[in-house]
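**Q** Pasting protein-v5.txt here (compact mmCIF, C-alpha atoms):
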# COMPACT_ATOMS: atom_id res chain seq x y z
CA MET A 1 0.00 0.00 0.00
CA GLU A 2 1.30 3.47 -0.84
CA ARG A 3 0.19 6.77 0.63
CA HIS A 4 1.06 10.16 -0.74
CA PRO A 5 2.58 12.92 1.36
CA THR A 6 0.73 15.75 2.99
CA PRO A 7 1.45 19.26 1.64
CA PRO A 8 4.71 20.77 2.92
CA ALA A 9 4.35 22.13 6.42
CA GLY A 10 6.53 25.13 5.76
CA GLY A 11 9.35 23.90 7.97
CA ARG A 12 13.01 24.41 7.15
CA ARG A 13 14.37 21.88 4.67
CA ILE A 14 17.97 20.76 5.13
CA ARG A 15 20.00 20.96 1.93
CA SER A 16 20.86 17.60 0.36
CA LYS A 17 23.62 16.83 -2.13
CA THR A 18 21.22 14.55 -4.01
CA SER A 19 17.73 15.05 -5.43
CA LYS A 20 14.55 13.10 -6.00
CA GLN A 21 15.47 12.87 -9.68
CA TYR A 22 18.87 11.44 -8.74
CA TRP A 23 17.28 8.60 -6.78
CA ASP A 24 14.54 7.95 -9.33
CA GLU A 25 17.20 7.51 -11.97
CA THR A 26 19.41 5.40 -9.70
CA TRP A 27 16.62 2.96 -8.88
CA ARG A 28 15.38 2.95 -12.45
CA LYS A 29 18.80 1.93 -13.75
CA HIS A 30 20.12 -0.35 -11.06
CA GLY A 31 17.36 -1.10 -8.59
CA ASN A 32 16.61 -4.56 -9.98
CA ASP A 33 20.17 -5.86 -10.01
CA PRO A 34 19.77 -9.15 -8.11
CA THR A 35 22.92 -8.78 -6.02
CA PHE A 36 20.90 -9.41 -2.86
CA ARG A 37 17.61 -11.25 -3.33
CA HIS A 38 17.12 -11.91 0.39
CA TRP A 39 18.45 -10.23 3.51
CA SER A 40 20.08 -13.47 4.66
CA ASN A 41 22.60 -12.98 1.82
CA ASP A 42 23.48 -9.43 2.87
CA LEU A 43 26.78 -9.19 4.75
CA LEU A 44 25.96 -5.84 6.36
CA ILE A 45 22.58 -7.04 7.64
CA LEU A 46 23.99 -10.30 9.00
CA SER A 47 26.83 -8.43 10.71
CA LEU A 48 24.40 -6.00 12.32
CA ASP A 49 22.27 -8.97 13.40
CA ARG A 50 25.29 -10.53 15.11
CA PHE A 51 25.98 -7.22 16.83
CA LEU A 52 22.37 -6.68 18.00
CA SER A 53 22.02 -10.28 19.14
CA GLY A 54 25.22 -10.11 21.16
CA ASP A 55 24.18 -7.15 23.31
CA GLY A 56 20.96 -7.32 25.30
CA ARG A 57 20.66 -3.52 25.32
CA PHE A 58 19.88 -3.50 21.62
CA ARG A 59 17.35 -6.29 21.27
CA PHE A 60 13.72 -5.56 20.40
CA GLU A 61 10.39 -6.54 21.87
CA ASP A 62 8.11 -8.50 19.56
CA GLY A 63 5.52 -6.28 17.92
CA SER A 64 7.50 -3.06 18.26
CA THR A 65 6.96 -0.60 15.44
CA MET A 66 9.75 0.37 13.05
CA LEU A 67 10.08 2.92 10.25
CA GLU A 68 12.83 2.94 7.65
CA VAL A 69 13.65 6.39 6.33
CA GLY A 70 14.91 6.15 2.75
CA CYS A 71 13.48 2.67 2.24
CA GLY A 72 13.93 2.50 -1.56
CA ASN A 73 15.04 -0.97 -2.74
CA SER A 74 15.89 -1.97 0.82
CA ASN A 75 16.08 -5.35 2.55
CA TRP A 76 16.00 -3.82 6.04
CA LEU A 77 12.20 -4.00 6.30
CA PRO A 78 11.94 -7.78 5.73
CA TYR A 79 14.94 -8.33 8.01
CA PHE A 80 13.39 -6.54 10.99
CA ALA A 81 9.95 -8.03 10.31
CA GLN A 82 11.13 -11.64 9.93
CA ARG A 83 14.08 -11.71 12.33
CA TRP A 84 12.78 -9.49 15.15
CA LYS A 85 8.99 -9.68 14.54
CA LEU A 86 8.63 -5.90 14.28
CA SER A 87 5.73 -4.16 12.60
CA VAL A 88 7.49 -2.34 9.76
CA GLU A 89 6.77 0.64 7.50
CA GLY A 90 8.91 2.78 5.22
CA ILE A 91 9.10 6.25 3.71
CA ASP A 92 10.92 7.48 0.62
CA TYR A 93 10.42 10.44 -1.71
CA SER A 94 11.34 8.48 -4.85
CA GLU A 95 8.46 6.82 -6.68
CA GLU A 96 10.88 4.23 -8.06
CA GLY A 97 12.29 3.59 -4.60
CA CYS A 98 8.78 3.10 -3.19
CA ARG A 99 7.87 0.75 -6.03
CA LEU A 100 10.90 -1.43 -5.35
CA ALA A 101 10.27 -1.39 -1.59
CA ARG A 102 6.69 -2.56 -2.17
CA GLU A 103 7.95 -5.36 -4.44
CA ILE A 104 10.38 -6.51 -1.74
CA MET A 105 7.63 -6.47 0.87
CA SER A 106 5.31 -8.38 -1.45
CA ARG A 107 8.00 -10.93 -2.33
CA ASN A 108 8.42 -11.63 1.39
CA ASN A 109 4.64 -11.74 2.03
CA LEU A 110 4.87 -8.90 4.55
CA PRO A 111 2.21 -6.34 5.52
CA GLY A 112 3.19 -2.72 6.00
CA THR A 113 2.71 0.66 4.38
CA ILE A 114 5.28 2.31 2.13
CA TYR A 115 4.77 6.07 2.19
CA LEU A 116 5.72 8.28 -0.73
CA GLY A 117 6.79 11.31 1.24
CA ASP A 118 9.45 13.86 2.09
CA LEU A 119 11.47 13.37 5.25
CA PHE A 120 11.06 17.07 6.06
CA SER A 121 7.31 17.26 5.43
CA PRO A 122 6.06 13.74 6.18
CA PRO A 123 2.51 12.49 6.70
CA GLN A 124 1.48 13.70 10.14
CA GLU A 125 0.29 10.27 11.22
CA LEU A 126 3.92 9.10 11.26
CA ILE A 127 5.13 11.68 13.79
CA GLY A 128 6.06 10.26 17.20
CA ARG A 129 4.73 6.80 16.34
CA PHE A 130 7.68 4.40 16.16
CA ASP A 131 9.76 2.43 18.65
CA VAL A 132 12.64 2.15 16.16
CA VAL A 133 13.69 4.26 13.20
CA ILE A 134 16.51 3.17 10.91
CA SER A 135 18.28 5.00 8.12
CA ALA A 136 21.06 3.40 6.08
CA GLY A 137 22.77 5.47 3.42
CA VAL A 138 20.76 8.67 4.03
CA VAL A 139 22.46 11.01 6.49
CA GLU A 140 25.77 11.23 4.61
CA HIS A 141 24.04 13.06 1.74
CA PHE A 142 23.20 16.06 3.95
CA GLU A 143 25.61 18.85 4.81
CA GLU A 144 23.74 19.69 8.02
CA GLN A 145 23.58 16.21 9.47
CA GLY A 146 22.27 17.28 12.87
CA GLY A 147 19.27 18.89 11.17
CA CYS A 148 18.64 15.76 9.11
CA LEU A 149 18.76 13.56 12.21
CA SER A 150 16.47 15.95 14.06
CA ALA A 151 13.88 15.47 11.32
CA ILE A 152 14.31 11.68 11.54
CA ARG A 153 13.99 11.88 15.31
CA ALA A 154 10.49 13.32 14.96
CA PHE A 155 9.21 9.86 13.97
CA LEU A 156 10.28 8.31 17.30
CA LYS A 157 8.28 7.68 20.42
CA PRO A 158 9.66 9.44 23.54
CA ALA A 159 11.90 6.45 24.44
CA GLY A 160 12.41 5.21 20.87
CA ARG A 161 15.74 4.19 19.39
CA MET A 162 17.45 5.37 16.23
CA ILE A 163 19.81 3.20 14.17
CA THR A 164 21.97 5.10 11.70
CA ILE A 165 24.40 3.55 9.23
CA VAL A 166 26.58 5.54 6.86
CA PRO A 167 29.45 4.47 4.58
CA ASN A 168 32.87 5.39 5.91
CA LEU A 169 34.47 7.47 3.17
CA CYS A 170 37.15 8.84 5.50
CA GLY A 171 39.45 5.87 4.83
CA TRP A 172 40.66 3.81 1.90
CA MET A 173 37.13 3.19 0.58
CA GLY A 174 36.72 6.94 0.25
CA ASP A 175 40.04 7.21 -1.59
CA ILE A 176 38.99 4.51 -4.07
CA THR A 177 35.51 6.01 -4.53
CA ARG A 178 36.96 9.46 -5.21
CA TRP A 179 39.25 7.95 -7.87
CA LEU A 180 36.86 5.39 -9.37
CA THR A 181 33.57 7.32 -9.30
CA PRO A 182 34.19 10.99 -8.48
CA ASP A 183 30.56 11.87 -9.29
CA ILE A 184 29.39 9.42 -6.61
CA TYR A 185 31.92 10.75 -4.12
CA ALA A 186 30.70 14.30 -4.80
CA VAL A 187 27.18 13.58 -3.46
CA HIS A 188 28.50 12.25 -0.14
CA ILE A 189 29.78 14.01 2.97
CA PRO A 190 32.68 11.94 4.39
CA THR A 191 31.41 11.13 7.89
CA SER A 192 33.67 9.93 10.67
CA ARG A 193 32.65 8.26 13.91
CA GLU A 194 33.14 11.53 15.77
CA LYS A 195 31.13 13.53 13.23
CA LEU A 196 28.21 11.09 13.34
CA ARG A 197 28.20 11.01 17.14
CA THR A 198 28.19 14.80 17.33
CA ALA A 199 25.36 15.05 14.78
CA HIS A 200 23.17 12.76 16.92
CA GLN A 201 23.94 14.82 20.01
CA VAL A 202 23.10 18.04 18.14
CA ALA A 203 19.76 16.42 17.24
CA GLY A 204 19.10 15.85 20.95
CA MET A 205 19.73 12.09 20.99
CA GLN A 206 21.48 10.10 23.71
CA VAL A 207 24.20 8.09 21.95
CA LEU A 208 24.37 4.50 23.20
CA TYR A 209 26.92 3.27 20.68
CA CYS A 210 28.87 4.87 17.85
CA ASP A 211 31.86 3.28 16.14
CA TYR A 212 33.36 2.07 12.90
CA PHE A 213 31.68 -1.12 11.76
CA LEU A 214 33.01 -4.25 10.02
CA PRO A 215 36.61 -4.92 9.00
CA ILE A 216 35.88 -4.80 5.26
CA HIS A 217 32.98 -4.71 2.78
CA LEU A 218 33.74 -4.16 -0.89
CA GLY A 219 30.03 -3.66 -1.52
CA VAL A 220 30.52 -0.05 -0.40
CA LEU A 221 32.17 0.59 -3.76
CA ASN A 222 29.61 1.89 -6.24
CA LEU A 223 29.68 0.04 -9.57
CA ALA A 224 27.15 2.28 -11.27
CA SER A 225 29.70 3.50 -13.83
CA ILE A 226 29.90 -0.03 -15.30
CA ARG A 227 27.26 -0.06 -18.02
CA SER A 228 27.09 -3.80 -18.62
CA HIS A 229 24.45 -5.34 -16.36
CA TRP A 230 26.14 -8.75 -16.33
CA ILE A 231 29.63 -7.41 -15.60
CA ARG A 232 28.24 -5.19 -12.85
CA MET A 233 26.27 -8.10 -11.37
CA SER A 234 29.26 -10.48 -11.55
CA LEU A 235 31.58 -7.99 -9.90
CA GLY A 236 28.96 -7.33 -7.22
CA HIS A 237 28.60 -11.01 -6.44
CA GLY A 238 32.38 -11.49 -6.42
CA ALA A 239 32.91 -8.52 -4.11
CA ASN A 240 30.33 -9.84 -1.66
CA ILE A 241 31.76 -13.37 -1.64
CA LEU A 242 35.28 -12.03 -1.08
CA SER A 243 34.07 -9.64 1.63
CA SER A 244 32.24 -12.44 3.46
CA ALA A 245 35.34 -14.63 3.39
CA LEU A 246 37.62 -11.85 4.64
CA ASN A 247 35.20 -10.91 7.42
CA SER A 248 35.03 -14.52 8.58
CA LEU A 249 38.83 -14.64 8.77
CA LEU A 250 39.04 -11.31 10.58
CA LEU A 251 36.13 -11.88 12.97
CA PRO A 252 38.36 -12.89 15.93
CA PHE A 253 40.31 -9.64 15.48
CA ARG A 254 37.35 -7.37 14.73
CA HIS A 255 38.01 -5.03 17.66
CA ARG A 256 41.50 -4.37 16.32
CA VAL A 257 40.60 -3.88 12.66
CA HIS A 258 37.51 -1.68 13.09
CA SER A 259 39.03 1.69 12.32
CA ARG A 260 38.67 4.98 10.48
CA ARG A 261 41.14 3.83 7.83
CA LEU A 262 39.80 0.33 7.17
CA SER A 263 36.14 -0.01 8.16
CA PRO A 264 33.49 0.37 5.44
CA TYR A 265 30.72 1.75 7.69
CA VAL A 266 29.96 3.83 10.75
CA LEU A 267 27.16 2.58 13.00
CA CYS A 268 25.34 4.70 15.57
CA ILE A 269 22.57 3.59 17.93
CA ALA A 270 20.93 6.35 19.93
CA LYS A 271 17.97 6.80 22.26
CA ASN A 272 15.38 9.54 22.14
CA THR A 273 15.33 11.96 25.02
CA ALA A 274 12.63 14.11 26.54
CA ASP A 275 14.22 17.38 25.46
CA ARG A 276 14.05 18.60 21.87
CA PRO A 277 17.02 20.52 20.42
CA SER A 278 16.46 24.23 20.07
CA GLU A 279 15.76 25.50 16.56
Would you mind writing the file out in structure tokens?
**A**
Amino acid sequence: MERHPTPPAGGRRIRSKTSKQYWDETWRKHGNDPTFRHWSNDLLILSLDRFLSGDGRFRFEDGSTMLEVGCGNSNWLPYFAQRWKLSVEGIDYSEEGCRLAREIMSRNNLPGTIYLGDLFSPPQELIGRFDVVISAGVVEHFEEQGGCLSAIRAFLKPAGRMITIVPNLCGWMGDITRWLTPDIYAVHIPTSREKLRTAHQVAGMQVLYCDYFLPIHLGVLNLASIRSHWIRMSLGHGANILSSALNSLLLPFRHRVHSRRLSPYVLCIAKNTADRPSE
């Protein structure tokens, strides 16, 4: 089911380095590449699952509500619905992204509404409604990240939790991206652990965990410049297989190899607080 957004509320919109047209075109071109057909094949999701399962502070109660912000072509909704039994919904301002998200939900036989809407002027029925809000690959496109996270925070219940994942372009992955696909690098803000932590605090969140995540994941590299579907798909599969193997080997040493220079992601988990940041 898809619902359209309410008219803009007149609030301040935080400037993004991407646009709706950018994401429509991205999903139109590459959204159906079958690199990951199920979340159980996704190295990032499985690694986060291992992390969440290993720390009782971060587990979820059955039936909790979750919203994914920027849900286009995402496997996070079926993961949280099937693995943690959450009631899931998503919002994205790209029609193509919403279409793909609905297809993923349908393919997994999951209920849940996908909203076509703007993060900064969302449907009012979403405000303050969710126990968990996740964004993966969203915040790093905004120059004012605290303002972006403040808008995302509005979806949370008073004691809700926010999970934020961004690619780490401060290390060698950023160097390769800047050389291999400078146009892709240009629409990202390199975001360190410290920068992401500070942005959550500016948004009025209590940070429970913030650190570099995973030893390696070659899937961070964007292969969009490769025009051939089959070459792009083969390289994507190969990168994921190699990344899984390397992560298995490095798992016993993960606390030593998670770093600004090496890690492919930054993960932050934060809790909502009673006080709202001043405008």
**Q** Kindly indicate which residue among A:Ser150, A:Ser74, A:Ser192, A:Thr198 lies nearest to Ala136 (chain A), using all atoms listed in the file for the distances.
**A**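 Of A:Ser150, A:Ser74, A:Ser192, A:Thr198, the one nearest Ala136 (chain A) is A:Ser74, counting all atoms listed in the file.
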**Q** Compile the contact shell of Arg50 (chain A) as a list in words: residues with an atom at most 12 Å away, counting only C-alpha atoms, same-chain residues fewer than 6 positions apart removed.
**A** Leu43, Leu44, Gly56, Phe58, Arg59, Arg83, Phe213, Leu214 and Leu251 of chain A
**Q** Select, from A:Met173, A:Val138, A:Met105, A:Val187, the residue with the minimum atom-to-atom distance to Ser259 (chain A), counting all atoms listed in the file.
**A**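 That would be A:Met173, the residue with the smallest distance to Ser259 (chain A).
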**Q** Measuring between only C-alpha atoms, which one of A:Gly146, A:Pro158, A:Pro264, A:Gly137 shows the shortest distance to Thr18 (chain A)?
**A** A:Gly137
**Q** What does the structure give for the distance between CA of Leu262 (chain A) and CA of Ile189 (chain A), in Å to one decimal?
**A** 17.5 Å
**Q** What does the distance from CA of Gly72 (chain A) to CA of Asp55 (chain A) come to in Å, to one decimal?
**A**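 One can read the CA of Gly72 (chain A) to CA of Asp55 (chain A) distance as 28.6 Å.
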**Q** Could you work out how far CA of Gly147 (chain A) lies from CA of Ile104 (chain A), giving the answer in Å with one decimal?
**A**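 Atom-to-atom, CA of Ile104 (chain A) and CA of Gly147 (chain A) are spaced 29.8 Å apart.
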**Q** Counting all atoms listed in the file, which residues come within 8 Å of (3.2, 4.4, 12.0), with the point read in the file's coordinates, and could you list them as a PDB file with C-alpha atoms, keeping the file's coordinate frame?
**A**
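out.pdb, freshly written:
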ATOM      1  CA  THR A  65       6.960  -0.600  15.440  1.00  0.00           C
ATOM      2  CA  MET A  66       9.750   0.370  13.050  1.00  0.00           C
ATOM      3  CA  LEU A  67      10.080   2.920  10.250  1.00  0.00           C
ATOM      4  CA  GLU A  89       6.770   0.640   7.500  1.00  0.00           C
ATOM      5  CA  GLU A 125       0.290  10.270  11.220  1.00  0.00           C
ATOM      6  CA  LEU A 126       3.920   9.100  11.260  1.00  0.00           C
ATOM      7  CA  ILE A 127       5.130  11.680  13.790  1.00  0.00           C
ATOM      8  CA  ARG A 129       4.730   6.800  16.340  1.00  0.00           C
ATOM      9  CA  PHE A 130       7.680   4.400  16.160  1.00  0.00           C
TER      10      PHE A 130
END
**Q** Would you list the contacts of Met162 (chain A) as a ChimeraX atom specification, taking every protein, DNA or RNA residue within 10 Å and counting all atoms listed in the file, but skipping same-chain residues closer than 5 positions in sequence?
**A** /A:66-67,130-135,149,152-153,155-156,200,205-208,268-272
